[in-house]
$ cat entry-v7.pdb   # PDB, C-alpha atoms
ATOM      1  CA  MET A   1     115.380  31.714 -15.556
ATOM      2  CA  PHE A   2     112.536  31.615 -13.020
ATOM      3  CA  ASN A   3     110.011  34.481 -13.519
ATOM      4  CA  LEU A   4     108.410  35.460 -10.218
ATOM      5  CA  ASP A   5     105.601  37.484 -11.796
ATOM      6  CA  THR A   6     104.592  34.591 -14.044
ATOM      7  CA  PHE A   7     104.464  32.195 -11.040
ATOM      8  CA  LYS A   8     102.205  34.588  -9.106
ATOM      9  CA  ALA A   9      99.813  34.949 -12.017
ATOM     10  CA  TYR A  10      99.626  31.166 -12.408
ATOM     11  CA  SER A  11      98.940  30.697  -8.694
ATOM     12  CA  ARG A  12      96.094  33.202  -8.770
ATOM     13  CA  ALA A  13      94.476  31.382 -11.749
ATOM     14  CA  VAL A  14      94.664  28.013  -9.991
ATOM     15  CA  ALA A  15      93.125  29.434  -6.812
ATOM     16  CA  PHE A  16      90.270  31.076  -8.745
ATOM     17  CA  GLY A  17      89.515  27.804 -10.546
ATOM     18  CA  ALA A  18      89.349  25.890  -7.260
ATOM     19  CA  VAL A  19      86.938  28.419  -5.823
ATOM     20  CA  ALA A  20      84.730  28.200  -8.931
ATOM     21  CA  ILE A  21      84.693  24.396  -8.817
ATOM     22  CA  SER A  22      83.742  24.435  -5.077
ATOM     23  CA  ALA A  23      80.914  26.883  -5.786
ATOM     24  CA  ILE A  24      79.562  24.684  -8.538
ATOM     25  CA  ALA A  25      79.853  21.601  -6.314
ATOM     26  CA  PHE A  26      77.895  23.186  -3.492
ATOM     27  CA  ALA A  27      75.326  24.864  -5.767
ATOM     28  CA  GLY A  28      74.432  21.701  -7.737
ATOM     29  CA  PRO A  29      73.010  19.577  -4.906
ATOM     30  CA  ALA A  30      70.894  22.520  -3.687
ATOM     31  CA  LYS A  31      68.798  22.298  -6.859
ATOM     32  CA  ALA A  32      68.392  18.507  -6.759
ATOM     33  CA  ALA A  33      65.492  16.754  -5.023
ATOM     34  CA  PRO A  34      66.225  15.902  -1.390
ATOM     35  CA  VAL A  35      67.288  12.340  -0.789
ATOM     36  CA  GLN A  36      64.745  10.238   1.181
ATOM     37  CA  LEU A  37      66.626   8.531   3.945
ATOM     38  CA  PHE A  38      63.675   6.143   4.716
ATOM     39  CA  PRO A  39      61.666   5.716   1.481
ATOM     40  CA  PHE A  40      59.445   3.002   3.020
ATOM     41  CA  PHE A  41      57.723   5.578   5.276
ATOM     42  CA  GLN A  42      54.875   7.361   3.448
ATOM     43  CA  PRO A  43      54.121  10.996   4.289
ATOM     44  CA  LEU A  44      50.962  11.591   6.357
ATOM     45  CA  PRO A  45      47.960  13.150   4.536
ATOM     46  CA  PRO A  46      47.240  16.767   5.299
ATOM     47  CA  MET A  47      45.023  17.319   8.336
ATOM     48  CA  THR A  48      41.464  18.483   7.686
ATOM     49  CA  ALA A  49      38.979  20.109  10.001
ATOM     50  CA  PRO A  50      36.582  17.610  11.678
ATOM     51  CA  GLN A  51      33.151  17.332  10.020
ATOM     52  CA  PRO A  52      30.076  18.188  12.100
ATOM     53  CA  ILE A  53      28.092  15.150  13.339
ATOM     54  CA  GLN A  54      24.807  14.740  11.449
ATOM     55  CA  PRO A  55      21.688  14.005  13.536
ATOM     56  CA  TYR A  56      20.442  10.410  13.287
ATOM     57  CA  GLN A  57      17.579   9.858  10.898
ATOM     58  CA  ALA A  58      15.526   6.722  11.342
ATOM     59  CA  PRO A  59      14.992   4.718   8.136
ATOM     60  CA  THR A  60      11.551   4.888   6.577
ATOM     61  CA  TYR A  61       9.468   1.766   6.042
ATOM     62  CA  GLN A  62       6.409   1.137   3.954
ATOM     63  CA  THR A  63       3.352   0.990   6.173
ATOM     64  CA  ALA A  64       0.981  -1.929   6.058
ATOM     65  CA  PRO A  65      -2.217  -1.373   4.095
ATOM     66  CA  SER A  66      -5.067   0.035   6.156
ATOM     67  CA  GLU A  67      -8.399  -1.696   6.504
ATOM     68  CA  ASP A  68     -10.063   0.874   4.262
ATOM     69  CA  GLN A  69      -9.033   0.082   0.689
ATOM     70  CA  ASP A  70     -11.941   1.981  -0.882
ATOM     71  CA  THR A  71     -10.102   4.583  -2.909
ATOM     72  CA  VAL A  72     -12.599   4.585  -5.801
ATOM     73  CA  GLU A  73     -14.971   7.542  -5.900
ATOM     74  CA  MET A  74     -18.501   6.178  -5.568
ATOM     75  CA  PRO A  75     -21.390   7.682  -7.567
ATOM     76  CA  ALA A  76     -23.591   9.704  -5.212
ATOM     77  CA  ARG A  77     -26.463   7.215  -5.343
ATOM     78  CA  PHE A  78     -24.246   4.380  -4.080
ATOM     79  CA  ARG A  79     -22.904   6.262  -1.082
ATOM     80  CA  ARG A  80     -24.217   5.280   2.336
ATOM     81  CA  GLN A  81     -27.191   7.492   3.239
ATOM     82  CA  THR A  82     -30.468   7.533   5.131
ATOM     83  CA  VAL A  83     -33.491   7.487   2.823
ATOM     84  CA  SER A  84     -37.255   7.221   3.001
ATOM     85  CA  TYR A  85     -38.277   3.575   2.735
ATOM     86  CA  ALA A  86     -41.788   2.245   3.207
ATOM     87  CA  THR A  87     -41.823  -1.318   4.538
ATOM     88  CA  ARG A  88     -43.626  -3.453   7.071
ATOM     89  CA  GLU A  89     -40.429  -5.197   8.083
ATOM     90  CA  ALA A  90     -39.137  -4.640  11.603
ATOM     91  CA  PRO A  91     -36.220  -2.312  12.311
ATOM     92  CA  GLY A  92     -32.931  -4.163  11.936
ATOM     93  CA  THR A  93     -34.081  -6.167   8.899
ATOM     94  CA  ILE A  94     -31.806  -6.242   5.845
ATOM     95  CA  ILE A  95     -33.459  -6.019   2.422
ATOM     96  CA  ILE A  96     -31.370  -6.695  -0.698
ATOM     97  CA  ASP A  97     -32.781  -4.826  -3.720
ATOM     98  CA  THR A  98     -31.012  -6.979  -6.308
ATOM     99  CA  PRO A  99     -32.122  -5.205  -9.532
ATOM    100  CA  ASN A 100     -31.240  -1.738  -8.252
ATOM    101  CA  THR A 101     -28.047  -2.907  -6.474
ATOM    102  CA  TYR A 102     -29.016  -1.451  -3.086
ATOM    103  CA  LEU A 103     -28.973  -2.898   0.410
ATOM    104  CA  TYR A 104     -31.422  -1.398   2.915
ATOM    105  CA  TYR A 105     -30.989  -1.640   6.647
ATOM    106  CA  VAL A 106     -34.430  -0.838   8.062
ATOM    107  CA  LEU A 107     -34.387   1.892  10.741
ATOM    108  CA  GLY A 108     -38.136   2.178  11.308
ATOM    109  CA  ASN A 109     -40.484   5.163  11.028
ATOM    110  CA  GLY A 110     -40.390   4.957   7.239
ATOM    111  CA  GLN A 111     -36.610   5.246   6.995
ATOM    112  CA  ALA A 112     -33.729   2.971   6.106
ATOM    113  CA  LEU A 113     -29.977   3.193   5.735
ATOM    114  CA  ARG A 114     -29.139   2.539   2.097
ATOM    115  CA  TYR A 115     -25.849   1.153   0.773
ATOM    116  CA  GLY A 116     -24.624   0.549  -2.755
ATOM    117  CA  ILE A 117     -23.793  -3.101  -3.462
ATOM    118  CA  GLY A 118     -22.559  -5.469  -6.156
ATOM    119  CA  VAL A 119     -24.764  -8.503  -6.868
ATOM    120  CA  GLY A 120     -24.727 -11.754  -8.850
ATOM    121  CA  ARG A 121     -24.091 -11.640 -12.565
ATOM    122  CA  ASP A 122     -26.580 -13.007 -15.084
ATOM    123  CA  GLY A 123     -27.504 -16.551 -14.111
ATOM    124  CA  PHE A 124     -26.146 -16.225 -10.564
ATOM    125  CA  THR A 125     -28.791 -14.127  -8.841
ATOM    126  CA  TRP A 126     -31.069 -15.676  -6.261
ATOM    127  CA  SER A 127     -33.862 -14.639  -3.914
ATOM    128  CA  GLY A 128     -35.448 -15.700  -0.684
ATOM    129  CA  ILE A 129     -35.349 -15.151   3.061
ATOM    130  CA  GLN A 130     -32.303 -16.049   5.127
ATOM    131  CA  SER A 131     -30.746 -14.947   8.407
ATOM    132  CA  VAL A 132     -27.220 -14.046   9.444
ATOM    133  CA  SER A 133     -25.763 -17.293  10.775
ATOM    134  CA  LYS A 134     -22.175 -16.140  11.351
ATOM    135  CA  LYS A 135     -20.036 -12.988  11.397
ATOM    136  CA  ALA A 136     -16.309 -12.757  10.701
ATOM    137  CA  GLU A 137     -13.692 -10.006  10.595
ATOM    138  CA  TRP A 138     -11.123 -10.241   7.776
ATOM    139  CA  PRO A 139     -12.501 -13.692   6.885
ATOM    140  CA  ASP A 140     -10.570 -16.446   5.149
ATOM    141  CA  TRP A 141     -11.840 -17.452   1.736
ATOM    142  CA  THR A 142     -12.414 -21.056   0.716
ATOM    143  CA  PRO A 143     -14.093 -21.112  -2.709
ATOM    144  CA  PRO A 144     -16.935 -23.661  -2.787
ATOM    145  CA  PRO A 145     -16.626 -26.723  -5.063
ATOM    146  CA  GLU A 146     -19.134 -25.236  -7.509
ATOM    147  CA  MET A 147     -16.893 -22.207  -8.017
ATOM    148  CA  ILE A 148     -13.736 -24.324  -8.296
ATOM    149  CA  ALA A 149     -15.426 -26.391 -11.014
ATOM    150  CA  ARG A 150     -16.155 -23.231 -13.012
ATOM    151  CA  GLN A 151     -12.813 -21.548 -12.280
ATOM    152  CA  PRO A 152     -10.202 -24.254 -11.554
ATOM    153  CA  TYR A 153      -7.405 -21.654 -11.359
ATOM    154  CA  LEU A 154      -8.788 -20.244  -8.098
ATOM    155  CA  PRO A 155      -6.885 -20.903  -4.860
ATOM    156  CA  ARG A 156      -8.299 -23.607  -2.640
ATOM    157  CA  HIS A 157      -7.859 -21.381   0.398
ATOM    158  CA  MET A 158      -6.815 -17.789   1.004
ATOM    159  CA  ALA A 159      -6.098 -16.241   4.397
ATOM    160  CA  GLY A 160      -7.981 -13.111   5.360
ATOM    161  CA  GLY A 161      -6.439  -9.727   4.698
ATOM    162  CA  PRO A 162      -6.594  -6.665   2.453
ATOM    163  CA  GLY A 163      -5.936  -8.774  -0.652
ATOM    164  CA  ASN A 164      -8.702 -11.259   0.112
ATOM    165  CA  PRO A 165     -11.820 -11.025  -2.130
ATOM    166  CA  LEU A 166     -14.089 -11.152   0.936
ATOM    167  CA  GLY A 167     -12.674  -7.861   2.210
ATOM    168  CA  ALA A 168     -12.841  -6.579   5.766
ATOM    169  CA  ARG A 169     -16.023  -8.263   7.056
ATOM    170  CA  ALA A 170     -18.425 -11.052   6.160
ATOM    171  CA  MET A 171     -21.926 -11.992   7.284
ATOM    172  CA  TYR A 172     -22.820 -15.550   6.302
ATOM    173  CA  LEU A 173     -26.391 -16.227   5.175
ATOM    174  CA  GLY A 174     -27.997 -19.315   6.722
ATOM    175  CA  GLY A 175     -26.583 -22.585   5.449
ATOM    176  CA  THR A 176     -26.006 -21.261   1.937
ATOM    177  CA  ILE A 177     -22.690 -20.545   0.217
ATOM    178  CA  TYR A 178     -23.634 -16.863   0.045
ATOM    179  CA  ARG A 179     -22.399 -13.952   2.167
ATOM    180  CA  ILE A 180     -22.693 -10.233   2.516
ATOM    181  CA  HIS A 181     -19.037  -9.223   2.457
ATOM    182  CA  GLY A 182     -16.518  -6.524   1.670
ATOM    183  CA  THR A 183     -14.406  -6.388  -1.443
ATOM    184  CA  ASN A 184     -10.930  -5.447  -2.622
ATOM    185  CA  ALA A 185     -12.504  -4.278  -5.909
ATOM    186  CA  PRO A 186     -14.749  -1.343  -4.919
ATOM    187  CA  GLU A 187     -15.158  -0.390  -8.581
ATOM    188  CA  THR A 188     -17.585  -3.347  -8.905
ATOM    189  CA  ILE A 189     -20.167  -1.712  -6.605
ATOM    190  CA  GLY A 190     -23.381  -1.102  -8.533
ATOM    191  CA  LYS A 191     -22.630  -3.934 -10.969
ATOM    192  CA  HIS A 192     -23.808  -7.497 -11.548
ATOM    193  CA  VAL A 193     -20.505  -9.340 -11.304
ATOM    194  CA  SER A 194     -20.437 -11.846  -8.428
ATOM    195  CA  SER A 195     -21.278 -15.533  -8.176
ATOM    196  CA  GLY A 196     -24.254 -14.712  -5.947
ATOM    197  CA  CYS A 197     -22.672 -13.025  -2.929
ATOM    198  CA  ILE A 198     -23.511  -9.447  -1.989
ATOM    199  CA  ARG A 199     -20.512  -7.116  -2.176
ATOM    200  CA  MET A 200     -20.046  -3.868  -0.284
ATOM    201  CA  THR A 201     -17.116  -1.488   0.097
ATOM    202  CA  ASN A 202     -14.957  -2.292   3.099
ATOM    203  CA  ASP A 203     -16.066   0.909   4.796
ATOM    204  CA  ASP A 204     -19.759   0.133   4.281
ATOM    205  CA  VAL A 205     -19.562  -3.529   5.257
ATOM    206  CA  THR A 206     -17.718  -2.557   8.452
ATOM    207  CA  ASP A 207     -20.515  -0.093   9.260
ATOM    208  CA  LEU A 208     -23.253  -2.661   8.584
ATOM    209  CA  TYR A 209     -21.344  -5.331  10.512
ATOM    210  CA  SER A 210     -21.422  -3.116  13.613
ATOM    211  CA  ARG A 211     -25.230  -2.858  13.405
ATOM    212  CA  VAL A 212     -26.079  -6.488  12.628
ATOM    213  CA  ASN A 213     -26.366  -9.411  15.025
ATOM    214  CA  VAL A 214     -26.379 -13.140  14.368
ATOM    215  CA  GLY A 215     -30.000 -14.019  13.619
ATOM    216  CA  THR A 216     -30.772 -10.801  11.697
ATOM    217  CA  LYS A 217     -33.403 -11.375   9.010
ATOM    218  CA  VAL A 218     -32.218 -10.916   5.410
ATOM    219  CA  ILE A 219     -34.670 -10.610   2.508
ATOM    220  CA  VAL A 220     -33.225 -10.952  -1.010
ATOM    221  CA  LEU A 221     -35.559  -9.614  -3.697
ATOM    222  CA  PRO A 222     -35.584 -11.321  -7.122
ATOM    223  CA  MET A 223     -34.378  -9.647 -10.293
ATOM    224  CA  SER A 224     -37.943  -9.597 -11.602
ATOM    225  CA  GLU A 225     -39.087  -7.394  -8.702
ATOM    226  CA  ARG A 226     -37.591  -4.099  -9.854
ATOM    227  CA  ARG A 227     -38.656  -1.468  -7.350
ATOM    228  CA  ALA A 228     -38.344   2.224  -8.054
ATOM    229  CA  ASP A 229     -35.591   4.130  -6.299
ATOM    230  CA  LEU A 230     -37.429   5.150  -3.149
ATOM    231  CA  GLY A 231     -37.195   8.857  -2.562
ATOM    232  CA  ALA A 232     -34.428  11.272  -1.821
ATOM    233  CA  ALA A 233     -31.998  10.970   1.006
ATOM    234  CA  THR A 234     -33.107  12.390   4.338
ATOM    235  CA  ARG A 235     -29.515  13.124   5.355
TER
END
$ encode --input "entry-v7.pdb" --output "C-alpha cells"
Amino acid sequence: MFNLDTFKAYSRAVAFGAVAISAIAFAGPAKAAPVQLFPFFQPLPPMTAPQPIQPYQAPTYQTAPSEDQDTVEMPARFRRQTVSYATREAPGTIIIDTPNTYLYYVLGNGQALRYGIGVGRDGFTWSGIQSVSKKAEWPDWTPPPEMIARQPYLPRHMAGGPGNPLGARAMYLGGTIYRIHGTNAPETIGKHVSSGCIRMTNDDVTDLYSRVNVGTKVIVLPMSERRADLGAATR
C-alpha cells in the first residue's frame, strides 16, 4: 500500500542532496587557480616611479707630463742661487766648476748665478774653452758612435720629450759631442755620472737657456783645479 508520508520524506532527502551537490560544485572552482584564457601573453611588470636624471660627468683623462720633471728635493747647495764670485770673465760667461759640480753664469760686479750640475764620471771629464754653437728645446738624442761602441744596447735615435735623457733644453758646445742639457734623472745632480756632458735639472736648464745666446763663452775647469766653494749666497 502506498505510504504518502514515506514518499514525502524521501522527496525531501533527494532535494537536500541535490542542493548540497550544487553547493559543492560551485564552491570547488572558487578555490582553484583561475584559468588563463591566453597563456602566451605575459603579465606586464609592475610600474615603478621614474628615476631622476643624473647630471653628465665628463670622463677623466691622464694629463700629459709637464716640462718640469724635477720632483727630487735638491740639497740646498745645489739649488739655483746668486753667490759672490770673483772672476775677470765678462758678464754672460759660463764657467763649469767640474770638481765641485757647479755651473756659474757670470753676472758681473763680483756675482754669479750658481747652479748644481752633474758632470762626467771618472775617465770622462774634460776641460777647455768652447762656445755655445746651437740651442734646442726638447732636443732629439742621437748617441755618438763612441757611446754606442761602449753601450751597444742604446737606441740609435730618440725623439725629444720628457723621457729623453737630454731633458727640456740643450746647448751644444762648439763642434764637440758635449752639451749642457737637462735630464730626466734629477737625482744625478751633484754626481760624476755622465759621459762628459753637463747635466742640469729641467727647471735650471730652462732658466739658463733663456739667458744664453749662441756664441756664449763656456769655460770648463779641469778636475785638478778644485776651487773652494766661493762664499755664501747673496739671495
$ atom_distance --input "entry-v7.pdb" --atom1 "atom CA of A:Cys197" --atom2 "atom CA of A:Leu113"
19.8 Å
$ atom_distance --input "entry-v7.pdb" --atom1 "atom CA of A:Ala86" --atom2 "atom CA of A:Tyr209"
23.0 Å
$ residues_around --input "entry-v7.pdb" --residues "A:Thr125" --least-positions-apart "4" --cutoff "9 Å" --atoms "all atoms listed in the file" --output "list in words"
Thr98, Val119, Gly120, Arg121, His192, Ser194, Ser195, Gly196, Cys197, Pro222 and Met223 of chain A
$ resolve_selection --input "entry-v7.pdb" --expression "the PyMOL selection byres ((chain A and resi 133) around 8)" --output "tab-separated table (two decimals) with C-alpha atoms, in the frame of the given file"
chain	number	residue	atom	x	y	z
A	131	SER	CA	-30.75	-14.95	8.41
A	132	VAL	CA	-27.22	-14.05	9.44
A	134	LYS	CA	-22.18	-16.14	11.35
A	135	LYS	CA	-20.04	-12.99	11.40
A	171	MET	CA	-21.93	-11.99	7.28
A	172	TYR	CA	-22.82	-15.55	6.30
A	173	LEU	CA	-26.39	-16.23	5.18
A	174	GLY	CA	-28.00	-19.32	6.72
A	175	GLY	CA	-26.58	-22.58	5.45
A	214	VAL	CA	-26.38	-13.14	14.37
A	215	GLY	CA	-30.00	-14.02	13.62
$ residues_around --input "entry-v7.pdb" --residues "A:Val106" --least-positions-apart "2" --cutoff "10 Å" --atoms "all atoms listed in the file" --output "CSV table (one decimal) with C-alpha atoms, in the coordinates of the input"
chain,number,residue,atom,x,y,z
A,82,THR,CA,-30.5,7.5,5.1
A,83,VAL,CA,-33.5,7.5,2.8
A,84,SER,CA,-37.3,7.2,3.0
A,85,TYR,CA,-38.3,3.6,2.7
A,86,ALA,CA,-41.8,2.2,3.2
A,87,THR,CA,-41.8,-1.3,4.5
A,88,ARG,CA,-43.6,-3.5,7.1
A,89,GLU,CA,-40.4,-5.2,8.1
A,90,ALA,CA,-39.1,-4.6,11.6
A,91,PRO,CA,-36.2,-2.3,12.3
A,92,GLY,CA,-32.9,-4.2,11.9
A,93,THR,CA,-34.1,-6.2,8.9
A,94,ILE,CA,-31.8,-6.2,5.8
A,95,ILE,CA,-33.5,-6.0,2.4
A,103,LEU,CA,-29.0,-2.9,0.4
A,104,TYR,CA,-31.4,-1.4,2.9
A,108,GLY,CA,-38.1,2.2,11.3
A,109,ASN,CA,-40.5,5.2,11.0
A,110,GLY,CA,-40.4,5.0,7.2
A,111,GLN,CA,-36.6,5.2,7.0
A,112,ALA,CA,-33.7,3.0,6.1
A,113,LEU,CA,-30.0,3.2,5.7
A,114,ARG,CA,-29.1,2.5,2.1
$ closest_residue --input "entry-v7.pdb" --among "A:Tyr105, A:His181, A:Arg80, A:Glu73" --to "A:Thr216" --atoms "only C-alpha atoms"
A:Tyr105
$ closest_residue --input "entry-v7.pdb" --among "A:Ile177, A:Ala159, A:Ala168, A:Leu221" --to "A:Pro144" --atoms "only C-alpha atoms"
A:Ile177
$ closest_residue --input "entry-v7.pdb" --among "A:Thr142, A:Asn100, A:Gln151, A:Thr176" --to "A:Gly118" --atoms "only C-alpha atoms"
A:Asn100
$ atom_distance --input "entry-v7.pdb" --atom1 "atom CA of A:Arg79" --atom2 "atom CA of A:Asp140"
26.6 Å
$ residues_around --input "entry-v7.pdb" --residues "A:Leu154" --least-positions-apart "6" --cutoff "10 Å" --atoms "only C-alpha atoms" --output "list in words"
Thr142, Pro143, Met147 and Ile148 of chain A
$ resolve_selection --input "entry-v7.pdb" --expression "the PyMOL selection byres ((chain A and resi 102) around 6)" --output "VMD selection string"
chain A and resid 97 100 to 101 103 115 to 117
$ residues_around --input "entry-v7.pdb" --residues "A:Pro165" --least-positions-apart "6" --cutoff "8 Å" --atoms "all atoms listed in the file" --output "JSON, numbers by chain"
{"A": [141, 182, 183, 184, 185]}
$ build_atoms --input "entry-v7.pdb" --residues "stretch 106-116 of chain A" --atoms "all heavy atoms" --output "PDB file, in the coordinates of the input"
ATOM      1  N   VAL A 106     -33.208  -1.521   7.625  1.00  0.00           N
ATOM      2  CA  VAL A 106     -34.430  -0.838   8.062  1.00  0.00           C
ATOM      3  C   VAL A 106     -34.205  -0.175   9.422  1.00  0.00           C
ATOM      4  O   VAL A 106     -33.763  -0.826  10.384  1.00  0.00           O
ATOM      5  CB  VAL A 106     -35.611  -1.832   8.129  1.00  0.00           C
ATOM      6  CG1 VAL A 106     -36.876  -1.124   8.636  1.00  0.00           C
ATOM      7  CG2 VAL A 106     -35.866  -2.462   6.758  1.00  0.00           C
ATOM      8  N   LEU A 107     -34.519   1.123   9.494  1.00  0.00           N
ATOM      9  CA  LEU A 107     -34.387   1.892  10.741  1.00  0.00           C
ATOM     10  C   LEU A 107     -35.714   2.051  11.458  1.00  0.00           C
ATOM     11  O   LEU A 107     -35.742   2.303  12.667  1.00  0.00           O
ATOM     12  CB  LEU A 107     -33.804   3.279  10.444  1.00  0.00           C
ATOM     13  CG  LEU A 107     -32.394   3.311   9.825  1.00  0.00           C
ATOM     14  CD1 LEU A 107     -32.006   4.741   9.462  1.00  0.00           C
ATOM     15  CD2 LEU A 107     -31.376   2.704  10.780  1.00  0.00           C
ATOM     16  N   GLY A 108     -36.825   1.935  10.726  1.00  0.00           N
ATOM     17  CA  GLY A 108     -38.136   2.178  11.308  1.00  0.00           C
ATOM     18  C   GLY A 108     -38.607   3.591  10.997  1.00  0.00           C
ATOM     19  O   GLY A 108     -37.843   4.442  10.495  1.00  0.00           O
ATOM     20  N   ASN A 109     -39.883   3.845  11.273  1.00  0.00           N
ATOM     21  CA  ASN A 109     -40.484   5.163  11.028  1.00  0.00           C
ATOM     22  C   ASN A 109     -40.330   5.605   9.578  1.00  0.00           C
ATOM     23  O   ASN A 109     -40.096   6.789   9.272  1.00  0.00           O
ATOM     24  CB  ASN A 109     -39.874   6.221  11.958  1.00  0.00           C
ATOM     25  CG  ASN A 109     -40.129   5.924  13.423  1.00  0.00           C
ATOM     26  OD1 ASN A 109     -41.224   5.482  13.817  1.00  0.00           O
ATOM     27  ND2 ASN A 109     -39.111   6.139  14.252  1.00  0.00           N
ATOM     28  N   GLY A 110     -40.434   4.626   8.665  1.00  0.00           N
ATOM     29  CA  GLY A 110     -40.390   4.957   7.239  1.00  0.00           C
ATOM     30  C   GLY A 110     -39.007   5.313   6.727  1.00  0.00           C
ATOM     31  O   GLY A 110     -38.902   5.926   5.655  1.00  0.00           O
ATOM     32  N   GLN A 111     -37.967   4.926   7.440  1.00  0.00           N
ATOM     33  CA  GLN A 111     -36.610   5.246   6.995  1.00  0.00           C
ATOM     34  C   GLN A 111     -35.732   3.989   6.987  1.00  0.00           C
ATOM     35  O   GLN A 111     -36.000   3.013   7.684  1.00  0.00           O
ATOM     36  CB  GLN A 111     -35.977   6.295   7.900  1.00  0.00           C
ATOM     37  CG  GLN A 111     -36.633   7.673   7.810  1.00  0.00           C
ATOM     38  CD  GLN A 111     -35.868   8.708   8.605  1.00  0.00           C
ATOM     39  OE1 GLN A 111     -35.251   8.386   9.620  1.00  0.00           O
ATOM     40  NE2 GLN A 111     -35.913   9.958   8.150  1.00  0.00           N
ATOM     41  N   ALA A 112     -34.706   4.072   6.185  1.00  0.00           N
ATOM     42  CA  ALA A 112     -33.729   2.971   6.106  1.00  0.00           C
ATOM     43  C   ALA A 112     -32.373   3.558   5.743  1.00  0.00           C
ATOM     44  O   ALA A 112     -32.266   4.637   5.146  1.00  0.00           O
ATOM     45  CB  ALA A 112     -34.157   1.938   5.077  1.00  0.00           C
ATOM     46  N   LEU A 113     -31.344   2.841   6.120  1.00  0.00           N
ATOM     47  CA  LEU A 113     -29.977   3.193   5.735  1.00  0.00           C
ATOM     48  C   LEU A 113     -29.668   2.429   4.447  1.00  0.00           C
ATOM     49  O   LEU A 113     -29.789   1.201   4.406  1.00  0.00           O
ATOM     50  CB  LEU A 113     -29.016   2.797   6.841  1.00  0.00           C
ATOM     51  CG  LEU A 113     -27.592   3.345   6.771  1.00  0.00           C
ATOM     52  CD1 LEU A 113     -27.574   4.879   6.733  1.00  0.00           C
ATOM     53  CD2 LEU A 113     -26.787   2.840   7.956  1.00  0.00           C
ATOM     54  N   ARG A 114     -29.339   3.170   3.405  1.00  0.00           N
ATOM     55  CA  ARG A 114     -29.139   2.539   2.097  1.00  0.00           C
ATOM     56  C   ARG A 114     -27.653   2.513   1.724  1.00  0.00           C
ATOM     57  O   ARG A 114     -26.937   3.489   1.890  1.00  0.00           O
ATOM     58  CB  ARG A 114     -29.912   3.299   1.020  1.00  0.00           C
ATOM     59  CG  ARG A 114     -29.938   2.587  -0.332  1.00  0.00           C
ATOM     60  CD  ARG A 114     -30.704   3.391  -1.360  1.00  0.00           C
ATOM     61  NE  ARG A 114     -29.947   4.555  -1.806  1.00  0.00           N
ATOM     62  CZ  ARG A 114     -30.451   5.526  -2.580  1.00  0.00           C
ATOM     63  NH1 ARG A 114     -31.725   5.457  -2.971  1.00  0.00           N
ATOM     64  NH2 ARG A 114     -29.707   6.548  -2.937  1.00  0.00           N
ATOM     65  N   TYR A 115     -27.229   1.350   1.223  1.00  0.00           N
ATOM     66  CA  TYR A 115     -25.849   1.153   0.773  1.00  0.00           C
ATOM     67  C   TYR A 115     -25.852   0.711  -0.692  1.00  0.00           C
ATOM     68  O   TYR A 115     -26.742  -0.029  -1.125  1.00  0.00           O
ATOM     69  CB  TYR A 115     -25.154   0.052   1.576  1.00  0.00           C
ATOM     70  CG  TYR A 115     -25.164   0.185   3.072  1.00  0.00           C
ATOM     71  CD1 TYR A 115     -26.273  -0.229   3.823  1.00  0.00           C
ATOM     72  CD2 TYR A 115     -24.058   0.670   3.767  1.00  0.00           C
ATOM     73  CE1 TYR A 115     -26.264  -0.150   5.218  1.00  0.00           C
ATOM     74  CE2 TYR A 115     -24.041   0.747   5.158  1.00  0.00           C
ATOM     75  CZ  TYR A 115     -25.155   0.342   5.872  1.00  0.00           C
ATOM     76  OH  TYR A 115     -25.150   0.412   7.248  1.00  0.00           O
ATOM     77  N   GLY A 116     -24.828   1.094  -1.424  1.00  0.00           N
ATOM     78  CA  GLY A 116     -24.624   0.549  -2.755  1.00  0.00           C
ATOM     79  C   GLY A 116     -23.949  -0.804  -2.655  1.00  0.00           C
ATOM     80  O   GLY A 116     -23.081  -1.020  -1.800  1.00  0.00           O
TER      81      GLY A 116
END
